[in-house]
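Chemist: Next comes protein-v6.txt, compact mmCIF, C-alpha atoms:
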```
# COMPACT_ATOMS: atom_id res chain seq x y z
CA MET A 1 -48.33 2.56 -49.81
CA ARG A 2 -47.12 1.29 -53.16
CA TYR A 3 -43.94 2.70 -54.75
CA THR A 4 -43.02 2.58 -58.41
CA LEU A 5 -39.53 1.41 -59.39
CA LEU A 6 -38.64 4.99 -60.35
CA THR A 7 -39.76 6.31 -56.95
CA LEU A 8 -37.69 3.70 -55.12
CA ALA A 9 -34.66 4.56 -57.24
CA LEU A 10 -35.08 8.27 -56.47
CA ILE A 11 -35.41 7.56 -52.74
CA SER A 12 -32.24 5.46 -52.84
CA CYS A 13 -30.33 8.25 -54.57
CA MET A 14 -31.57 10.79 -52.00
CA VAL A 15 -30.44 8.53 -49.15
CA LEU A 16 -27.00 8.13 -50.72
CA LEU A 17 -26.66 11.87 -51.25
CA ALA A 18 -27.77 12.52 -47.69
CA GLN A 19 -24.99 10.25 -46.41
CA GLU A 20 -22.33 12.20 -48.34
CA THR A 21 -20.84 15.27 -46.73
CA PRO A 22 -18.37 17.82 -48.10
CA ASN A 23 -15.70 16.09 -45.99
CA SER A 24 -16.45 12.64 -47.43
CA ARG A 25 -16.56 13.98 -51.01
CA GLN A 26 -13.20 15.71 -50.53
CA ALA A 27 -11.73 12.58 -48.93
CA LYS A 28 -12.85 10.38 -51.82
CA ARG A 29 -11.48 12.81 -54.42
CA VAL A 30 -8.13 13.09 -52.64
CA PHE A 31 -7.79 9.32 -52.15
CA ASN A 32 -8.69 8.61 -55.79
CA THR A 33 -6.01 11.09 -56.89
CA ALA A 34 -3.43 9.28 -54.74
CA TRP A 35 -4.59 5.88 -56.04
CA ASN A 36 -4.29 7.08 -59.64
CA HIS A 37 -0.75 8.26 -58.96
CA ILE A 38 0.19 4.64 -58.20
CA TYR A 39 -1.87 2.83 -60.84
CA GLY A 40 -2.59 5.49 -63.48
CA ASN A 41 -1.24 5.84 -67.00
CA GLU A 42 1.18 8.67 -66.12
CA GLY A 43 3.57 6.16 -64.55
CA VAL A 44 5.20 6.15 -61.14
CA THR A 45 8.20 4.80 -59.26
CA PHE A 46 8.78 4.56 -55.52
CA HIS A 47 10.63 2.70 -52.80
CA TYR A 48 8.42 0.75 -50.39
CA LYS A 49 8.55 -1.14 -47.11
CA ILE A 50 5.84 -3.63 -46.10
CA ASN A 51 5.34 -4.74 -42.51
CA ILE A 52 2.64 -7.23 -41.48
CA LEU A 53 2.48 -7.81 -37.72
CA HIS A 54 6.30 -7.67 -37.64
CA LEU A 55 6.14 -11.25 -38.93
CA TYR A 56 6.45 -10.50 -42.64
CA LYS A 57 8.64 -7.71 -43.95
CA GLU A 58 9.53 -6.75 -47.50
CA GLU A 59 11.44 -3.84 -48.97
CA GLY A 60 11.97 -2.92 -52.59
CA THR A 61 11.38 -0.60 -55.51
CA SER A 62 8.36 -0.56 -57.79
CA TRP A 63 7.45 0.97 -61.16
CA ASN A 64 3.86 1.10 -62.47
CA LYS A 65 2.29 2.53 -65.59
CA GLY A 66 -1.25 1.48 -66.47
CA ASP A 67 -1.18 -2.31 -66.86
CA LYS A 68 2.63 -2.38 -66.94
CA ALA A 69 4.65 -3.12 -63.81
CA ARG A 70 8.13 -3.81 -62.57
CA SER A 71 9.43 -4.50 -59.08
CA GLU A 72 12.69 -5.42 -57.42
CA HIS A 73 13.02 -6.87 -53.93
CA LYS A 74 15.48 -9.26 -52.33
CA ASN A 75 16.17 -12.06 -54.86
CA THR A 76 13.19 -11.32 -57.12
CA ILE A 77 12.81 -9.01 -60.12
CA THR A 78 9.50 -8.79 -61.96
CA TYR A 79 8.83 -7.38 -65.44
CA SER A 80 5.30 -7.17 -66.81
CA ASP A 81 4.26 -5.49 -70.07
CA GLY A 82 0.58 -6.19 -69.40
CA ASN A 83 0.52 -9.35 -71.53
CA LEU A 84 3.39 -11.40 -70.16
CA LYS A 85 5.02 -11.34 -66.72
CA HIS A 86 8.61 -12.45 -66.18
CA ILE A 87 9.59 -13.23 -62.58
CA VAL A 88 13.36 -13.55 -62.22
CA ARG A 89 14.60 -15.59 -59.22
CA THR A 90 18.23 -14.48 -59.08
CA ASN A 91 19.18 -16.86 -56.26
CA LYS A 92 17.91 -19.87 -58.24
CA LYS A 93 18.77 -18.59 -61.74
CA ILE A 94 15.20 -19.25 -62.86
CA VAL A 95 12.83 -17.10 -64.93
CA GLU A 96 9.13 -17.84 -64.45
CA LEU A 97 6.59 -16.90 -67.13
CA HIS A 98 3.16 -15.86 -65.87
CA ASP A 99 -0.04 -14.47 -67.37
CA PRO A 100 -0.61 -11.20 -65.44
CA LYS A 101 -4.34 -11.28 -66.14
CA VAL A 102 -4.73 -14.73 -64.60
CA ASN A 103 -2.58 -13.76 -61.63
CA LYS A 104 -5.03 -10.99 -60.80
CA ALA A 105 -7.33 -13.76 -59.57
CA ASP A 106 -4.68 -14.99 -57.13
CA GLU A 107 -6.14 -15.49 -53.65
CA LYS A 108 -3.46 -13.40 -51.93
CA LEU A 109 -3.97 -10.49 -54.32
CA GLN A 110 -7.75 -10.68 -53.81
CA MET A 111 -7.17 -9.80 -50.15
CA PHE A 112 -6.04 -6.35 -51.30
CA LYS A 113 -8.58 -5.86 -54.09
CA PHE A 114 -9.91 -2.30 -53.86
CA GLU A 115 -13.57 -1.49 -54.52
CA PRO A 116 -13.92 2.30 -54.09
CA ASP A 117 -17.71 2.39 -53.68
CA SER A 118 -17.63 -0.08 -50.77
CA TYR A 119 -16.25 2.46 -48.28
CA ASN A 120 -17.20 5.52 -46.28
CA TYR A 121 -14.51 8.22 -46.56
CA SER A 122 -13.26 10.94 -44.24
CA ILE A 123 -10.27 13.29 -44.26
CA ALA A 124 -8.39 15.19 -41.58
CA LYS A 125 -5.14 17.09 -41.09
CA GLU A 126 -2.24 15.23 -39.48
CA GLY A 127 0.63 17.64 -38.94
CA ASP A 128 1.65 18.94 -42.37
CA ASP A 129 -0.01 15.97 -44.09
CA LEU A 130 -3.51 14.68 -44.81
CA LEU A 131 -4.96 11.50 -43.33
CA VAL A 132 -7.72 9.88 -45.39
CA THR A 133 -9.63 7.09 -43.64
CA LEU A 134 -11.78 4.52 -45.43
CA VAL A 135 -14.11 2.26 -43.46
CA ALA A 136 -15.96 -0.58 -45.19
CA LYS A 137 -19.70 -0.04 -45.39
CA PRO A 138 -21.89 -2.49 -43.47
CA LYS A 139 -22.70 -5.72 -45.33
CA THR A 140 -20.07 -5.10 -48.02
CA ASN A 141 -18.03 -8.16 -48.94
CA VAL A 142 -14.51 -6.70 -48.99
CA LYS A 143 -11.36 -8.09 -47.39
CA MET A 144 -9.88 -4.69 -46.52
CA LYS A 145 -12.03 -3.48 -43.64
CA LYS A 146 -10.23 -0.21 -43.01
CA ILE A 147 -7.62 1.86 -44.87
CA GLN A 148 -5.67 4.81 -43.49
CA ALA A 149 -3.70 6.77 -46.07
CA LEU A 150 -1.20 9.43 -45.03
CA LEU A 151 -0.70 11.79 -47.98
CA THR A 152 1.36 14.89 -48.65
CA GLN A 153 -0.68 18.04 -49.12
CA GLY A 154 -0.85 19.53 -52.60
CA ASN A 155 0.20 16.56 -54.75
CA TYR A 156 -1.39 13.83 -52.58
CA TYR A 157 1.61 11.53 -52.86
CA PRO A 158 1.30 8.58 -50.46
CA LYS A 159 3.65 8.44 -47.48
CA ARG A 160 2.06 5.57 -45.58
CA LEU A 161 -0.82 3.12 -45.97
CA ARG A 162 -2.23 1.14 -43.06
CA ILE A 163 -4.62 -1.58 -44.19
CA LYS A 164 -6.74 -3.76 -41.92
CA VAL A 165 -7.38 -7.16 -43.50
CA SER A 166 -9.60 -9.33 -41.32
CA ILE A 167 -8.06 -8.84 -37.85
CA PHE A 168 -4.50 -7.89 -38.77
CA TRP A 169 -2.89 -4.67 -39.99
CA ALA A 170 -0.46 -4.29 -42.88
CA THR A 171 1.65 -1.13 -43.08
CA ILE A 172 3.25 0.12 -46.30
CA THR A 173 5.58 3.13 -46.21
CA PHE A 174 6.67 5.01 -49.35
CA SER A 175 9.76 7.05 -50.18
CA ASN A 176 11.49 8.47 -53.28
CA PHE A 177 8.05 8.86 -54.86
CA GLN A 178 8.15 10.13 -58.46
CA ALA A 179 5.07 10.41 -60.67
CA GLY A 180 5.33 10.84 -64.45
CA ASP A 181 8.20 10.62 -66.95
CA ILE A 182 8.41 6.81 -66.68
CA ASP A 183 9.90 5.35 -69.87
CA ASP A 184 8.19 2.20 -71.20
CA ALA A 185 11.65 0.66 -71.58
CA VAL A 186 11.66 0.14 -67.80
CA PHE A 187 9.08 -2.63 -68.21
CA VAL A 188 10.83 -4.52 -71.03
CA TYR A 189 12.31 -7.85 -69.97
CA PRO A 190 16.07 -7.83 -70.73
CA LYS A 191 16.30 -11.29 -72.28
CA GLU A 192 20.06 -11.14 -72.94
CA LYS A 193 20.81 -10.36 -69.30
CA TYR A 194 19.24 -13.64 -68.19
CA LYS A 195 20.02 -15.85 -71.18
CA ASP A 196 21.74 -18.41 -68.94
CA TYR A 197 18.71 -18.75 -66.63
CA LYS A 198 16.32 -21.69 -66.82
CA VAL A 199 12.87 -20.66 -68.13
CA VAL A 200 9.79 -22.17 -66.46
CA ASP A 201 6.45 -21.54 -68.14
CA LEU A 202 3.71 -21.27 -65.49
CA ARG A 203 0.99 -19.76 -67.66
```
Take the structure in this file and express it as structure tokens.

Modeler:
Amino acid sequence: MRYTLLTLALISCMVLLAQETPNSRQAKRVFNTAWNHIYGNEGVTFHYKINILHLYKEEGTSWNKGDKARSEHKNTITYSDGNLKHIVRTNKKIVELHDPKVNKADEKLQMFKFEPDSYNYSIAKEGDDLLVTLVAKPKTNVKMKKIQALLTQGNYYPKRLRIKVSIFWATITFSNFQAGDIDDAVFVYPKEKYKDYKVVDLR
């Protein structure tokens, strides 16, 4: 039997719709809301702790607003206005200049690149919270094979993310989460504060 291109496209759409359930649609909507809290234009700030196999640990505070970002952890403070990133190494008294757009291609960051249509979604209650689970679809070329997001009910603020990359798990816990009312001044590099630091241009 011969199929026209239109017929094949319609069959593909029907198969995709058949795979979606009310649970998976709700899970995707809830997860996207949580993701937009962190990376959306309303702005957000939170304290975080990262733990990878108990071998790598990091703790700090982060601010995001669209393509703007700022973070503080240990001896490193980062300011990015979307066009220029300043990384301040307080222990070395050095300020590195980076192009944030080029850094998005960094191999380490690519490990955590999120492609929303590459996953199957499900949602379930966990105590007073919601647990959204994402499992990579077969034959999809993504580094994050599984994501488990523990979210508060109602506002869908993230409390914990567990991410399986290859064979290891990374756990990120969130606290002091505040969405909205983030002043753009937070992302402005305070040049006078670090006027005695050596500037290294790595763009």

Chemist: Can you tell me, as a PyMOL selection string, what residues are no more than 10 Å from Gly60 of chain A when counting all atoms listed in the file, ignoring any on the same chain fewer than 3 positions away?

Modeler: chain A and resi 46-50+71-74+76-77

Chemist: At a cut-off of 12 Å, using all atoms listed in the file, what residues contact Glu115 of chain A? Leave out same-chain residues fewer than 6 positions from it and give the result as a list in words.

Modeler: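 Using all atoms listed in the file, the neighbours found are Asn32, Trp35, Leu134, Val135, Ala136, Lys137, Thr140, Asn141, Val142, Lys143, Met144, Lys145 and Ile147 of chain A.
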
Chemist: Identify the residues within 12 Å of coordinate (3.8, 3.6, -46.4) (same frame as the file), considering only C-alpha atoms, and give the answer as a PDB file with C-alpha atoms, in the coordinates of the input.

Modeler:
```
ATOM      1  CA  PHE A  46       8.780   4.560 -55.520  1.00  0.00           C
ATOM      2  CA  HIS A  47      10.630   2.700 -52.800  1.00  0.00           C
ATOM      3  CA  TYR A  48       8.420   0.750 -50.390  1.00  0.00           C
ATOM      4  CA  LYS A  49       8.550  -1.140 -47.110  1.00  0.00           C
ATOM      5  CA  ILE A  50       5.840  -3.630 -46.100  1.00  0.00           C
ATOM      6  CA  ASN A  51       5.340  -4.740 -42.510  1.00  0.00           C
ATOM      7  CA  ILE A  52       2.640  -7.230 -41.480  1.00  0.00           C
ATOM      8  CA  GLU A  58       9.530  -6.750 -47.500  1.00  0.00           C
ATOM      9  CA  GLU A  59      11.440  -3.840 -48.970  1.00  0.00           C
ATOM     10  CA  ILE A 147      -7.620   1.860 -44.870  1.00  0.00           C
ATOM     11  CA  GLN A 148      -5.670   4.810 -43.490  1.00  0.00           C
ATOM     12  CA  ALA A 149      -3.700   6.770 -46.070  1.00  0.00           C
ATOM     13  CA  LEU A 150      -1.200   9.430 -45.030  1.00  0.00           C
ATOM     14  CA  LEU A 151      -0.700  11.790 -47.980  1.00  0.00           C
ATOM     15  CA  THR A 152       1.360  14.890 -48.650  1.00  0.00           C
ATOM     16  CA  TYR A 157       1.610  11.530 -52.860  1.00  0.00           C
ATOM     17  CA  PRO A 158       1.300   8.580 -50.460  1.00  0.00           C
ATOM     18  CA  LYS A 159       3.650   8.440 -47.480  1.00  0.00           C
ATOM     19  CA  ARG A 160       2.060   5.570 -45.580  1.00  0.00           C
ATOM     20  CA  LEU A 161      -0.820   3.120 -45.970  1.00  0.00           C
ATOM     21  CA  ARG A 162      -2.230   1.140 -43.060  1.00  0.00           C
ATOM     22  CA  ILE A 163      -4.620  -1.580 -44.190  1.00  0.00           C
ATOM     23  CA  ALA A 170      -0.460  -4.290 -42.880  1.00  0.00           C
ATOM     24  CA  THR A 171       1.650  -1.130 -43.080  1.00  0.00           C
ATOM     25  CA  ILE A 172       3.250   0.120 -46.300  1.00  0.00           C
ATOM     26  CA  THR A 173       5.580   3.130 -46.210  1.00  0.00           C
ATOM     27  CA  PHE A 174       6.670   5.010 -49.350  1.00  0.00           C
ATOM     28  CA  SER A 175       9.760   7.050 -50.180  1.00  0.00           C
ATOM     29  CA  ASN A 176      11.490   8.470 -53.280  1.00  0.00           C
ATOM     30  CA  PHE A 177       8.050   8.860 -54.860  1.00  0.00           C
TER      31      PHE A 177
END
```

Chemist: In terms of the shortest atom-to-atom distance over only C-alpha atoms, which of A:Leu130, A:Val95, A:Ala124, A:Ile167 is closest to Val200 of chain A?

Modeler: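 Closest residue, counting only C-alpha atoms: A:Val95.
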
Chemist: Counting all atoms listed in the file, what is within 9 Å of Gly180 of chain A, bar same-chain residues fewer than 4 positions away, as a list in words?

Modeler: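 Here the qualifying residues turn out to be His37, Asn41, Glu42, Gly43, Val44, Thr45 and Lys65 of chain A.
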
Chemist: Report, in Å to a single decimal, how far apart atom CA of Leu202 of chain A and atom CA of Leu97 of chain A are.

Modeler: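 Distance between the two atoms: 5.5 Å.
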
Chemist: Taking (5.3, -18.0, -70.7) in the file's coordinates, which residues come within 8 Å, counting only C-alpha atoms, written as a list of chain:residue names?

Modeler: A:Leu84, A:Lys85, A:His86, A:Glu96, A:Leu97, A:His98, A:Asp99, A:Val200, A:Asp201, A:Leu202, A:Arg203

Chemist: Just how far from atom CA of Gln26 of chain A is atom CA of Glu126 of chain A, in Å to one decimal?

Modeler: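 Value for the atom CA of Glu126 of chain A-atom CA of Gln26 of chain A distance: 15.6 Å.
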
Chemist: For a test of reading the model, state the distance in Å between atom CA of Lys28 of chain A and atom CA of Asp67 of chain A, rounded to one decimal.

Modeler: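 Between atom CA of Lys28 of chain A and atom CA of Asp67 of chain A the gap works out to 22.9 Å.
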
Chemist: Which residue gives the smallest distance to Pro190 of chain A among A:Lys146, A:Asn75, A:Ile87, A:Gly82, with all atoms listed in the file counted?

Modeler: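 Of A:Lys146, A:Asn75, A:Ile87, A:Gly82, the one nearest Pro190 of chain A is A:Ile87, counting all atoms listed in the file.
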